[in-house]
file my_file.cif (mmCIF, C-alpha atoms and all ligand atoms)
data_coords
#
loop_
_atom_site.label_atom_id
_atom_site.label_comp_id
_atom_site.auth_asym_id
_atom_site.auth_seq_id
_atom_site.Cartn_x
_atom_site.Cartn_y
_atom_site.Cartn_z
CA MET A 1 -7.92 -15.52 15.36
CA LYS A 2 -4.39 -16.61 16.30
CA MET A 3 -2.84 -14.62 13.48
CA MET A 4 -4.60 -11.36 14.37
CA ALA A 5 -3.36 -11.71 17.97
CA ILE A 6 0.27 -11.79 16.80
CA SER A 7 1.92 -8.37 16.72
CA GLY A 8 3.74 -7.62 13.51
CA ARG A 9 3.93 -4.08 12.39
CA SER A 10 5.91 -3.16 9.30
CA GLY A 11 9.51 -4.37 9.55
CA GLU A 12 8.68 -6.69 12.46
CA GLU A 13 7.18 -9.64 10.61
CA THR A 14 9.32 -12.53 11.92
CA GLU A 15 6.83 -13.80 14.47
CA ILE A 16 3.86 -13.93 12.10
CA ALA A 17 6.01 -15.48 9.35
CA GLU A 18 7.20 -18.16 11.80
CA PHE A 19 3.58 -18.89 12.65
CA LEU A 20 2.78 -19.45 8.96
CA VAL A 21 5.89 -21.61 8.50
CA SER A 22 4.93 -23.77 11.49
CA GLN A 23 1.42 -24.28 10.12
CA LEU A 24 2.75 -25.29 6.70
CA VAL A 25 5.41 -27.61 8.13
CA ALA A 26 2.82 -29.24 10.42
CA ALA A 27 0.75 -29.93 7.30
CA GLY A 28 3.67 -31.86 5.80
CA LEU A 29 5.42 -29.23 3.71
CA PRO A 30 9.25 -29.43 3.74
CA ARG A 31 10.56 -26.34 5.53
CA ASP A 32 13.17 -25.65 2.84
CA GLN A 33 10.42 -25.24 0.25
CA ILE A 34 9.60 -21.93 1.98
CA ARG A 35 11.95 -19.14 0.96
CA PHE A 36 12.53 -15.56 2.08
CA ASP A 37 13.86 -12.88 -0.25
CA SER A 38 15.96 -9.89 0.81
CA ALA A 39 13.45 -7.10 0.06
CA HIS A 40 13.91 -5.65 3.57
CA ARG A 41 17.53 -4.86 2.75
CA ARG A 42 16.33 -2.64 -0.10
CA SER A 43 13.69 -0.92 2.04
CA PRO A 44 14.44 2.44 3.70
CA LEU A 45 12.95 0.96 6.88
CA GLY A 46 15.31 -2.02 7.05
CA GLY A 47 13.25 -4.63 8.87
CA GLN A 48 13.64 -8.17 10.18
CA ILE A 49 12.82 -10.31 7.15
CA GLY A 50 12.00 -10.21 3.46
CA ASN A 51 8.96 -11.51 1.62
CA MET A 52 7.97 -15.12 2.29
CA VAL A 53 7.57 -17.18 -0.88
CA LEU A 54 6.22 -20.70 -1.33
CA LYS A 55 6.27 -22.37 -4.73
CA LEU A 56 4.15 -25.45 -5.32
CA PRO A 57 4.72 -27.45 -8.50
CA GLY A 58 1.43 -28.02 -10.34
CA THR A 59 -0.34 -31.34 -10.56
CA MET A 60 -1.75 -30.18 -13.91
CA ARG A 61 -0.32 -28.31 -16.87
CA ALA A 62 -1.54 -24.74 -16.64
CA PRO A 63 -0.11 -21.21 -16.33
CA ARG A 64 1.39 -20.56 -12.90
CA ARG A 65 -0.82 -18.54 -10.56
CA MET A 66 0.46 -16.23 -7.86
CA MET A 67 -1.53 -15.50 -4.71
CA SER A 68 -0.35 -12.77 -2.39
CA ALA A 69 -1.20 -10.84 0.78
CA HIS A 70 0.76 -8.55 3.07
CA LEU A 71 1.98 -9.78 6.45
CA ASP A 72 2.37 -6.49 8.30
CA THR A 73 -0.28 -4.57 10.23
CA VAL A 74 -0.42 -0.89 11.21
CA PRO A 75 0.88 0.11 14.70
CA ILE A 76 -2.60 0.54 16.19
CA CYS A 77 -3.07 -3.24 15.85
CA VAL A 78 -0.13 -4.18 18.07
CA GLY A 79 -1.70 -5.82 21.12
CA SER A 80 -4.94 -6.77 19.38
CA ASN A 81 -7.13 -9.18 21.27
CA PRO A 82 -9.55 -10.67 18.75
CA VAL A 83 -12.94 -11.58 20.12
CA ARG A 84 -15.78 -13.10 18.16
CA ARG A 85 -19.38 -12.00 18.61
CA GLY A 86 -21.70 -13.72 16.21
CA ASN A 87 -20.56 -13.02 12.69
CA LEU A 88 -18.10 -10.25 13.62
CA VAL A 89 -14.61 -10.25 15.10
CA ARG A 90 -13.17 -7.14 16.75
CA SER A 91 -10.38 -6.39 19.20
CA SER A 92 -11.43 -6.23 22.83
CA ALA A 93 -8.18 -4.49 23.83
CA PRO A 94 -8.78 -0.77 24.47
CA ARG A 95 -7.68 1.59 21.69
CA ARG A 96 -6.34 -1.30 19.59
CA GLY A 97 -7.29 -2.18 16.04
CA LEU A 98 -7.97 -5.78 15.03
CA GLY A 99 -5.37 -6.40 12.34
CA ALA A 100 -7.71 -8.25 10.00
CA ASP A 101 -5.97 -5.96 7.51
CA ASN A 102 -4.21 -8.00 6.53
CA ARG A 103 -4.04 -11.19 8.54
CA ALA A 104 -7.35 -12.18 6.96
CA GLY A 105 -5.67 -11.96 3.55
CA CYS A 106 -2.71 -14.01 4.81
CA ALA A 107 -5.17 -16.59 6.13
CA VAL A 108 -6.93 -16.87 2.75
CA LEU A 109 -3.60 -18.00 1.26
CA LEU A 110 -2.75 -20.28 4.18
CA SER A 111 -6.14 -21.98 4.21
CA ALA A 112 -5.96 -22.62 0.46
CA VAL A 113 -2.56 -24.32 0.81
CA LEU A 114 -3.61 -26.35 3.86
CA GLU A 115 -6.75 -27.51 2.09
CA ILE A 116 -4.77 -28.53 -1.00
CA LEU A 117 -2.23 -30.46 1.11
CA GLU A 118 -4.79 -32.13 3.32
CA LYS A 119 -7.18 -33.21 0.57
CA GLU A 120 -4.48 -33.68 -2.09
CA LEU A 121 -6.46 -31.45 -4.45
CA PRO A 122 -5.22 -31.09 -8.03
CA HIS A 123 -3.95 -27.59 -8.76
CA PRO A 124 -1.98 -25.53 -11.28
CA PRO A 125 1.59 -24.45 -10.44
CA LEU A 126 1.23 -21.98 -7.55
CA THR A 127 3.34 -19.23 -6.04
CA LEU A 128 2.25 -17.98 -2.64
CA CYS A 129 3.79 -14.70 -1.61
CA TRP A 130 3.38 -13.06 1.78
CA PHE A 131 4.73 -9.53 1.39
CA VAL A 132 6.33 -7.51 4.16
CA GLN A 133 6.10 -3.73 4.73
CA GLU A 134 2.98 -2.93 2.71
CA GLU A 135 1.70 -0.35 5.17
CA VAL A 136 4.80 1.84 4.90
CA GLY A 137 4.66 2.52 1.16
CA LEU A 138 4.46 -0.94 -0.42
CA GLN A 139 8.14 -1.58 0.26
CA GLY A 140 8.02 -5.40 0.21
CA ALA A 141 6.23 -5.69 -3.14
CA ARG A 142 8.32 -2.88 -4.56
CA ALA A 143 11.67 -4.54 -3.73
CA ALA A 144 10.54 -8.16 -4.22
CA SER A 145 12.95 -10.64 -5.80
CA ARG A 146 10.92 -11.87 -8.75
CA GLY A 147 13.45 -14.65 -9.37
CA LEU A 148 11.82 -16.61 -6.55
CA TRP A 149 8.37 -16.42 -8.12
CA GLY A 150 8.89 -18.97 -10.91
CA ASN A 151 7.36 -16.85 -13.68
CA PRO A 152 3.65 -16.67 -12.75
CA ARG A 153 1.24 -15.58 -15.51
CA LEU A 154 -1.75 -14.69 -13.35
CA ALA A 155 -1.78 -12.84 -10.04
CA PHE A 156 -4.32 -12.42 -7.26
CA ASN A 157 -3.78 -10.26 -4.19
CA TRP A 158 -5.91 -10.24 -1.02
CA ASP A 159 -6.24 -7.11 1.07
CA GLY A 160 -8.95 -5.05 2.79
CA GLY A 161 -12.62 -4.69 1.89
CA ALA A 162 -15.62 -6.79 0.94
CA ALA A 163 -14.99 -10.29 -0.39
CA THR A 164 -16.88 -9.46 -3.58
CA LYS A 165 -14.85 -6.33 -4.33
CA LEU A 166 -12.30 -6.77 -7.11
CA THR A 167 -9.89 -3.87 -7.39
CA ILE A 168 -8.60 -3.65 -10.95
CA GLY A 169 -6.79 -0.33 -10.75
CA ALA A 170 -5.31 2.19 -8.37
CA THR A 171 -3.93 5.68 -8.49
CA GLY A 172 -0.25 6.58 -8.36
CA GLY A 173 1.38 9.11 -6.09
CA TYR A 174 4.43 11.24 -5.45
CA ARG A 175 5.54 12.46 -2.07
CA THR A 176 7.68 15.62 -1.88
CA GLU A 177 9.77 16.97 0.97
CA ILE A 178 10.64 20.65 0.74
CA THR A 179 13.07 22.48 2.99
CA ILE A 180 13.04 26.27 2.61
CA ARG A 181 15.99 28.18 4.01
CA GLY A 182 15.69 31.93 4.57
CA ILE A 183 17.93 34.35 6.42
CA ALA A 184 17.41 34.99 10.13
CA SER A 185 17.49 38.52 11.52
CA HIS A 186 15.99 40.51 14.37
CA ALA A 187 12.35 41.04 13.49
CA GLY A 188 12.14 44.37 15.32
CA ASN A 189 15.52 45.99 14.69
CA HIS A 190 16.42 44.68 11.22
CA PRO A 191 13.58 42.86 9.52
CA GLU A 192 14.85 44.19 6.16
CA LYS A 193 18.00 42.09 6.54
CA GLY A 194 16.03 38.87 6.92
CA VAL A 195 14.48 36.55 4.37
CA SER A 196 11.43 34.85 5.83
CA ALA A 197 11.10 31.16 5.00
CA ILE A 198 7.47 31.40 6.14
CA ALA A 199 6.83 34.18 3.60
CA ILE A 200 8.37 32.02 0.87
CA ALA A 201 6.19 29.05 1.81
CA GLY A 202 3.15 31.36 1.90
CA VAL A 203 3.84 32.74 -1.57
CA ALA A 204 4.34 29.24 -3.01
CA ILE A 205 1.19 27.77 -1.48
CA ALA A 206 -0.92 30.79 -2.47
CA ASP A 207 0.43 30.42 -6.02
CA LEU A 208 -0.62 26.74 -6.12
CA GLN A 209 -4.02 27.50 -4.63
CA GLN A 210 -4.78 30.46 -6.92
CA ASN A 211 -3.70 28.65 -10.06
CA GLY A 212 -5.68 25.50 -9.40
CA TRP A 213 -2.81 23.18 -8.50
CA HIS A 214 -3.81 22.54 -4.91
CA GLY A 215 -6.55 20.16 -3.75
CA ASP A 216 -8.85 18.84 -6.46
CA VAL A 217 -6.81 19.55 -9.59
CA ARG A 218 -8.69 19.68 -12.91
CA LYS A 219 -7.23 20.97 -16.16
CA GLY A 220 -9.43 20.25 -19.16
CA ALA A 221 -10.04 16.51 -19.23
CA GLN A 222 -7.16 15.79 -16.89
CA CYS A 223 -7.54 15.40 -13.16
CA GLY A 224 -5.66 14.56 -10.03
CA THR A 225 -5.17 15.76 -6.48
CA SER A 226 -2.49 17.49 -4.50
CA ASN A 227 -2.10 18.41 -0.87
CA VAL A 228 0.27 20.41 1.27
CA GLY A 229 -0.03 18.09 4.23
CA ILE A 230 2.70 19.17 6.63
CA ILE A 231 4.21 22.56 7.36
CA ARG A 232 6.61 23.19 10.22
CA GLY A 233 8.81 26.16 11.05
CA GLY A 234 9.52 29.11 13.23
CA ALA A 235 10.62 29.41 16.84
CA ALA A 236 9.88 32.99 17.94
CA THR A 237 7.97 36.10 16.78
CA ASN A 238 11.02 38.33 17.15
CA VAL A 239 13.12 36.38 14.65
CA VAL A 240 12.65 36.34 10.88
CA THR A 241 12.17 32.60 10.34
CA ASP A 242 15.09 31.00 8.54
CA GLU A 243 13.75 27.48 8.01
CA VAL A 244 10.45 25.88 7.07
CA TYR A 245 9.75 22.23 6.26
CA VAL A 246 6.85 21.36 3.95
CA LYS A 247 5.59 17.98 2.83
CA THR A 248 3.23 17.53 -0.10
CA GLU A 249 1.73 14.79 -2.22
CA ALA A 250 0.41 14.58 -5.77
CA ARG A 251 -1.82 11.85 -7.14
CA SER A 252 -3.35 11.03 -10.47
CA HIS A 253 -4.29 7.89 -12.36
CA ASP A 254 -2.62 9.54 -15.37
CA PRO A 255 1.19 9.31 -14.96
CA LYS A 256 1.88 12.31 -17.22
CA PHE A 257 -0.58 14.54 -15.43
CA ARG A 258 0.68 13.37 -12.04
CA LYS A 259 4.18 14.42 -13.12
CA ARG A 260 2.76 17.75 -14.27
CA ILE A 261 1.20 18.40 -10.84
CA LEU A 262 4.51 17.50 -9.23
CA ASN A 263 6.36 19.91 -11.54
CA GLU A 264 3.92 22.71 -10.72
CA ILE A 265 4.50 22.18 -7.00
CA GLU A 266 8.26 22.22 -7.40
CA ARG A 267 8.18 25.28 -9.67
CA ALA A 268 5.92 27.23 -7.31
CA PHE A 269 8.45 26.86 -4.49
CA ARG A 270 11.41 27.73 -6.75
CA ARG A 271 9.60 30.85 -8.01
CA ALA A 272 8.63 31.85 -4.49
CA VAL A 273 12.25 31.69 -3.34
CA LYS A 274 13.24 34.20 -6.03
CA SER A 275 10.40 36.56 -5.13
CA VAL A 276 11.41 37.16 -1.52
CA ARG A 277 14.60 39.25 -1.14
CA ASN A 278 16.22 41.14 1.68
CA VAL A 279 17.56 44.71 1.52
CA ASP A 280 20.83 43.48 0.02
CA GLY A 281 19.02 41.60 -2.73
CA ARG A 282 19.79 38.20 -1.26
CA THR A 283 17.33 35.33 -1.49
CA GLY A 284 16.80 32.16 0.47
CA SER A 285 17.10 28.69 -1.02
CA VAL A 286 15.01 25.59 -1.34
CA SER A 287 15.83 21.91 -1.49
CA ILE A 288 13.23 19.56 -2.89
CA ARG A 289 13.13 15.79 -2.80
CA SER A 290 10.34 13.95 -4.60
CA THR A 291 9.80 10.21 -4.68
CA LEU A 292 7.34 8.07 -6.58
CA ASP A 293 5.46 6.10 -3.92
CA TYR A 294 3.70 3.86 -6.40
CA GLU A 295 2.74 3.83 -10.07
CA SER A 296 -0.92 3.81 -11.05
CA PHE A 297 -2.45 1.00 -13.07
CA LEU A 298 -5.76 0.01 -14.59
CA LEU A 299 -6.37 -3.51 -15.84
CA PRO A 300 -8.74 -4.06 -18.76
CA THR A 301 -11.96 -5.62 -17.47
CA ASP A 302 -11.30 -8.63 -19.69
CA ALA A 303 -7.80 -9.27 -18.29
CA ALA A 304 -7.38 -12.99 -17.57
CA CYS A 305 -6.89 -12.55 -13.81
CA VAL A 306 -9.99 -10.33 -13.58
CA LYS A 307 -12.17 -12.88 -15.39
CA ILE A 308 -10.88 -15.71 -13.20
CA ALA A 309 -11.48 -13.71 -10.00
CA GLN A 310 -14.99 -12.80 -11.15
CA ALA A 311 -15.76 -16.44 -11.95
CA ALA A 312 -14.36 -17.57 -8.58
CA VAL A 313 -16.49 -15.10 -6.63
CA ARG A 314 -19.57 -16.11 -8.62
CA ALA A 315 -18.80 -19.81 -8.15
CA VAL A 316 -19.08 -19.39 -4.37
CA GLY A 317 -22.28 -17.36 -4.53
CA GLY A 318 -20.99 -13.78 -4.55
CA GLU A 319 -21.74 -10.97 -7.01
CA PRO A 320 -18.35 -9.47 -8.00
CA GLN A 321 -18.00 -5.69 -8.15
CA LEU A 322 -15.14 -3.98 -9.94
CA ALA A 323 -13.45 -1.08 -8.18
CA VAL A 324 -10.61 1.37 -8.68
CA ALA A 325 -8.70 2.52 -5.59
CA ASN A 326 -7.50 6.03 -4.80
CA GLY A 327 -4.64 4.67 -2.72
CA GLY A 328 -1.76 2.27 -3.35
CA LEU A 329 -1.83 -1.53 -3.06
CA ASP A 330 0.87 -4.19 -3.39
CA ALA A 331 -0.85 -4.84 -6.73
CA ASN A 332 0.49 -1.47 -7.96
CA TRP A 333 4.03 -2.77 -7.74
CA ILE A 334 3.36 -6.37 -8.83
CA THR A 335 1.63 -4.97 -11.92
CA ALA A 336 4.52 -2.54 -12.45
CA HIS A 337 6.86 -5.56 -12.30
CA GLY A 338 5.04 -6.89 -15.39
CA LEU A 339 2.42 -9.12 -13.79
CA PRO A 340 -1.15 -7.71 -13.99
CA THR A 341 -2.75 -8.24 -10.58
CA VAL A 342 -6.32 -8.13 -9.35
CA SER A 343 -6.97 -7.52 -5.63
CA LEU A 344 -9.79 -9.06 -3.62
CA GLY A 345 -11.11 -8.13 -0.19
CA CYS A 346 -11.81 -10.64 2.58
CA GLY A 347 -14.36 -9.01 4.86
CA GLN A 348 -12.31 -6.37 6.69
CA LYS A 349 -13.98 -3.06 7.55
CA ASN A 350 -12.68 0.18 9.12
CA GLN A 351 -9.07 -0.82 8.57
CA HIS A 352 -6.45 1.15 10.53
CA MET A 353 -9.07 2.12 13.13
CA GLU A 354 -9.99 0.97 16.65
CA SER A 355 -13.36 -0.01 15.23
CA GLU A 356 -11.90 -2.45 12.68
CA THR A 357 -13.96 -5.60 12.23
CA LEU A 358 -13.77 -8.83 10.30
CA ASN A 359 -17.01 -10.21 8.91
CA LEU A 360 -16.70 -14.00 9.12
CA ALA A 361 -19.27 -14.77 6.45
CA GLN A 362 -17.33 -12.53 4.06
CA PHE A 363 -14.03 -14.05 5.16
CA LYS A 364 -15.27 -17.58 4.49
CA LEU A 365 -16.52 -16.49 1.07
CA ALA A 366 -13.04 -15.09 0.37
CA CYS A 367 -11.43 -18.38 1.47
CA ARG A 368 -13.73 -20.40 -0.76
CA ALA A 369 -13.09 -18.09 -3.73
CA GLY A 370 -9.36 -18.28 -2.95
CA LEU A 371 -9.47 -22.08 -3.02
CA ARG A 372 -11.25 -21.98 -6.38
CA ILE A 373 -8.48 -19.79 -7.75
CA ALA A 374 -5.75 -21.95 -6.18
CA THR A 375 -7.19 -25.12 -7.66
CA GLY A 376 -8.21 -23.66 -11.01
CA THR A 377 -11.84 -24.66 -10.41
CA GLU A 378 -13.39 -21.20 -10.70
CA GLU A 379 -15.60 -22.21 -13.60
CA VAL A 380 -17.25 -25.12 -11.79
CA ASP A 381 -20.71 -24.40 -10.47
CA ASP A 382 -21.89 -26.02 -7.25
ZN ZN B 1 -3.80 -3.76 3.89
#

call {"tool": "encode", "arguments": {"input": "my_file.cif", "output": "structure tokens"}}
result
Amino acid sequence: MKMMAISGRSGEETEIAEFLVSQLVAAGLPRDQIRFDSAHRRSPLGGQIGNMVLKLPGTMRAPRRMMSAHLDTVPICVGSNPVRRGNLVRSSAPRRGLGADNRAGCAVLLSAVLEILEKELPHPPLTLCWFVQEEVGLQGARAASRGLWGNPRLAFNWDGGAATKLTIGATGGYRTEITIRGIASHAGNHPEKGVSAIAIAGVAIADLQQNGWHGDVRKGAQCGTSNVGIIRGGAATNVVTDEVYVKTEARSHDPKFRKRILNEIERAFRRAVKSVRNVDGRTGSVSIRSTLDYESFLLPTDAACVKIAQAAVRAVGGEPQLAVANGGLDANWITAHGLPTVSLGCGQKNQHMESETLNLAQFKLACRAGLRIATGTEEVDD
């Protein structure tokens, strides 16, 4: 409840990190055992701090386990006022989301560590990682300094959704910014001297739509999605528009096909530029900038982390369900860094909305499953 009330949107995670540090120090952990990396310096957003990393030496010989969750919340959750009614927590502040995404995940990690410290529970070597800047394109996990992790072999990430949901894969996506430059001219007196950037954009988008590269994209057995999400341009009807800005995305679980969709988008705009000429034969120009937001991944169902997570959820009375996400998670980047990662929910619902709730029964189940994973006791049956 205290953590959800702390504001901490992406790049502004100092206050929530300090709260976690104070809880850990109060439980007897030396402050210098908690480290911060410099991921924020490699993020386009900048930001106050890097990822917070805590390494605990094991009391037993076993592969190191990493547990992670993201610290930041989306802007709508700034000013959240968590109120509990029965089994549900929501924000009572008007037009504010709760922020259980992902303070609940952060709390799963914190409660596991506090429980281990307080009860001196035996445990394998552990790395706890609280990532910054997840909500702005997975920047913290993407730029994480793996040197601080201590070579974990198994990884578990907590984020939104039901406590029994185990996400073993997620799609990958590109984002593309396109600036089309035409030639301005008087639309009434000399339209023939102009090159309309709006006409170019129109030709390109019609091309994508007519050839099956816009929206739900299916070519034989391959599939993905694309979307022209933003289009801006024009200032007056009596001027041939000389600049239009377009933003698109392309997603597919299949990296090759995702690249193909991206190429088709880029080619459509380059072709369209050549097809619109003024009376002197001049064309406009286009500049295109594409970035990979996150790489897709799909873990085999018998991956070690998946089996452990399934056993942990079962051990606390849940029925695990495997899922594949159509959006990015920190797990996309951790897996891309060479560490296969399963993600678990902790009872959040309607994330990023005013109506966000945290189900406390689900949250407690997530904490108990998290403790099983942290102590390597997932196989034990109560
Ligand atoms: Zn989240």

call {"tool": "closest_residue", "arguments": {"input": "my_file.cif", "among": "A:Arg41, A:Lys119, A:His70, A:Lys307", "to": "ligand ZN 1 (chain B)", "atoms": "only C-alpha atoms and all ligand atoms"}}
result
A:His70

call {"tool": "closest_atom_pairs", "arguments": {"input": "my_file.cif", "of": "segment 82-142 of chain A", "to": "segment 351-367 of chain A", "cutoff": "12 Å", "atoms": "all atoms listed in the file", "output": "tab-separated table"}}
result
residue	atom	partner	partner_atom	distance
A:Pro82	CA	A:Thr357	CA	9.4
A:Val83	CA	A:Thr357	CA	10.0
A:Arg84	CA	A:Leu360	CA	9.1
A:Arg85	CA	A:Leu360	CA	10.1
A:Gly86	CA	A:Leu360	CA	8.7
A:Asn87	CA	A:Leu360	CA	5.3
A:Leu88	CA	A:Asn359	CA	4.8
A:Val89	CA	A:Leu358	CA	5.1
A:Arg90	CA	A:Thr357	CA	4.8
A:Ser91	CA	A:Glu356	CA	7.8
A:Ser92	CA	A:Glu354	CA	9.6
A:Ala93	CA	A:Glu354	CA	9.2
A:Pro94	CA	A:Glu354	CA	8.1
A:Arg95	CA	A:Glu354	CA	5.6
A:Arg96	CA	A:Glu354	CA	5.2
A:Gly97	CA	A:Glu354	CA	4.2
A:Leu98	CA	A:Glu356	CA	5.7
A:Gly99	CA	A:Glu356	CA	7.6
A:Ala100	CA	A:Leu358	CA	6.1
A:Asp101	CA	A:Gln351	CA	6.1
A:Asn102	CA	A:Gln351	CA	8.9
A:Arg103	CA	A:Leu358	CA	10.2
A:Ala104	CA	A:Phe363	CA	7.2
A:Gly105	CA	A:Ala366	CA	8.6
A:Cys106	CA	A:Cys367	CA	10.3
A:Ala107	CA	A:Cys367	CA	8.0
A:Val108	CA	A:Cys367	CA	4.9
A:Leu109	CA	A:Cys367	CA	7.8
A:Leu110	CA	A:Cys367	CA	9.3
A:Ser111	CA	A:Cys367	CA	7.0
A:Ala112	CA	A:Cys367	CA	7.0
A:Val113	CA	A:Cys367	CA	10.7
A:Leu114	CA	A:Cys367	CA	11.4
A:Glu115	CA	A:Cys367	CA	10.3
A:Glu135	CA	A:His352	CA	9.9

call {"tool": "closest_residue", "arguments": {"input": "my_file.cif", "among": "A:Asp37, A:Glu295, A:Asp207, A:Glu249", "to": "Gly169 of chain A", "atoms": "only C-alpha atoms"}}
result
A:Glu295

call {"tool": "residues_around", "arguments": {"input": "my_file.cif", "residues": "Pro300 of chain A", "least_positions_apart": "3", "cutoff": "12 Å", "atoms": "only C-alpha atoms", "output": "list in words"}}
result
Thr167, Ile168, Gly169, Phe297, Ala303, Ala304, Cys305, Val306, Lys307, Leu322, Ala323, Val324, Pro340, Thr341 and Val342 of chain A

call {"tool": "closest_residue", "arguments": {"input": "my_file.cif", "among": "A:Ile334, A:Val53, A:Cys77, A:Val279", "to": "Ser38 of chain A", "atoms": "only C-alpha atoms"}}
result
A:Val53

call {"tool": "closest_residue", "arguments": {"input": "my_file.cif", "among": "A:Lys219, A:Arg258, A:Lys247, A:Arg61", "to": "Arg232 of chain A", "atoms": "all atoms listed in the file"}}
result
A:Lys247

call {"tool": "closest_residue", "arguments": {"input": "my_file.cif", "among": "A:Arg368, A:Lys349, A:Arg9, A:Arg42", "to": "Leu71 of chain A", "atoms": "only C-alpha atoms"}}
result
A:Arg9

call {"tool": "closest_residue", "arguments": {"input": "my_file.cif", "among": "A:Leu299, A:Leu138, A:Met60, A:Ile198", "to": "ligand ZN 1 (chain B)", "atoms": "only C-alpha atoms and all ligand atoms"}}
result
A:Leu138

call {"tool": "residues_around", "arguments": {"input": "my_file.cif", "residues": "Asp159 of chain A", "least_positions_apart": "2", "cutoff": "7 Å", "atoms": "all atoms listed in the file", "output": "list in words"}}
result
Ala69, Asp101, Asn102, Gly105, Asn157, Gly161, Ser343, Leu344, Gly345 and Cys346 of chain A

call {"tool": "residues_around", "arguments": {"input": "my_file.cif", "residues": "Ser145 of chain A", "least_positions_apart": "5", "cutoff": "12 Å", "atoms": "all atoms listed in the file", "output": "list in words"}}
result
Arg35, Phe36, Asp37, Ser38, Ala39, His40, Arg41, Arg42, Gly50, Asn51, Met52, Val53, Cys129, Phe131, Gln139, Gly140, Gly150, Asn151, Ile334 and His337 of chain A

call {"tool": "atom_distance", "arguments": {"input": "my_file.cif", "atom1": "atom CA of Leu371 of chain A", "atom2": "atom CA of Trp333 of chain A"}}
result
24.0 Å

call {"tool": "residues_around", "arguments": {"input": "my_file.cif", "residues": "Gly47 of chain A", "least_positions_apart": "5", "cutoff": "9 Å", "atoms": "only C-alpha atoms", "output": "PyMOL selection string"}}
result
chain A and resi 10-13+40-41+132-133

call {"tool": "atom_distance", "arguments": {"input": "my_file.cif", "atom1": "atom CA of Gln210 of chain A", "atom2": "atom CA of Gln222 of chain A"}}
result
17.9 Å

call {"tool": "atom_distance", "arguments": {"input": "my_file.cif", "atom1": "atom CA of Pro122 of chain A", "atom2": "atom CA of Pro320 of chain A"}}
result
25.3 Å

call {"tool": "residues_around", "arguments": {"input": "my_file.cif", "residues": "Ala312 of chain A", "least_positions_apart": "5", "cutoff": "7 Å", "atoms": "all atoms listed in the file", "output": "list in words"}}
result
Ala369, Arg372, Ile373, Glu378 and Glu379 of chain A

call {"tool": "residues_near_point", "arguments": {"input": "my_file.cif", "point": "(15.9, 41.1, 17.3)", "cutoff": "10 Å", "atoms": "all atoms listed in the file", "output": "NGL selection string"}}
result
:A and (184-191 or 237-240)
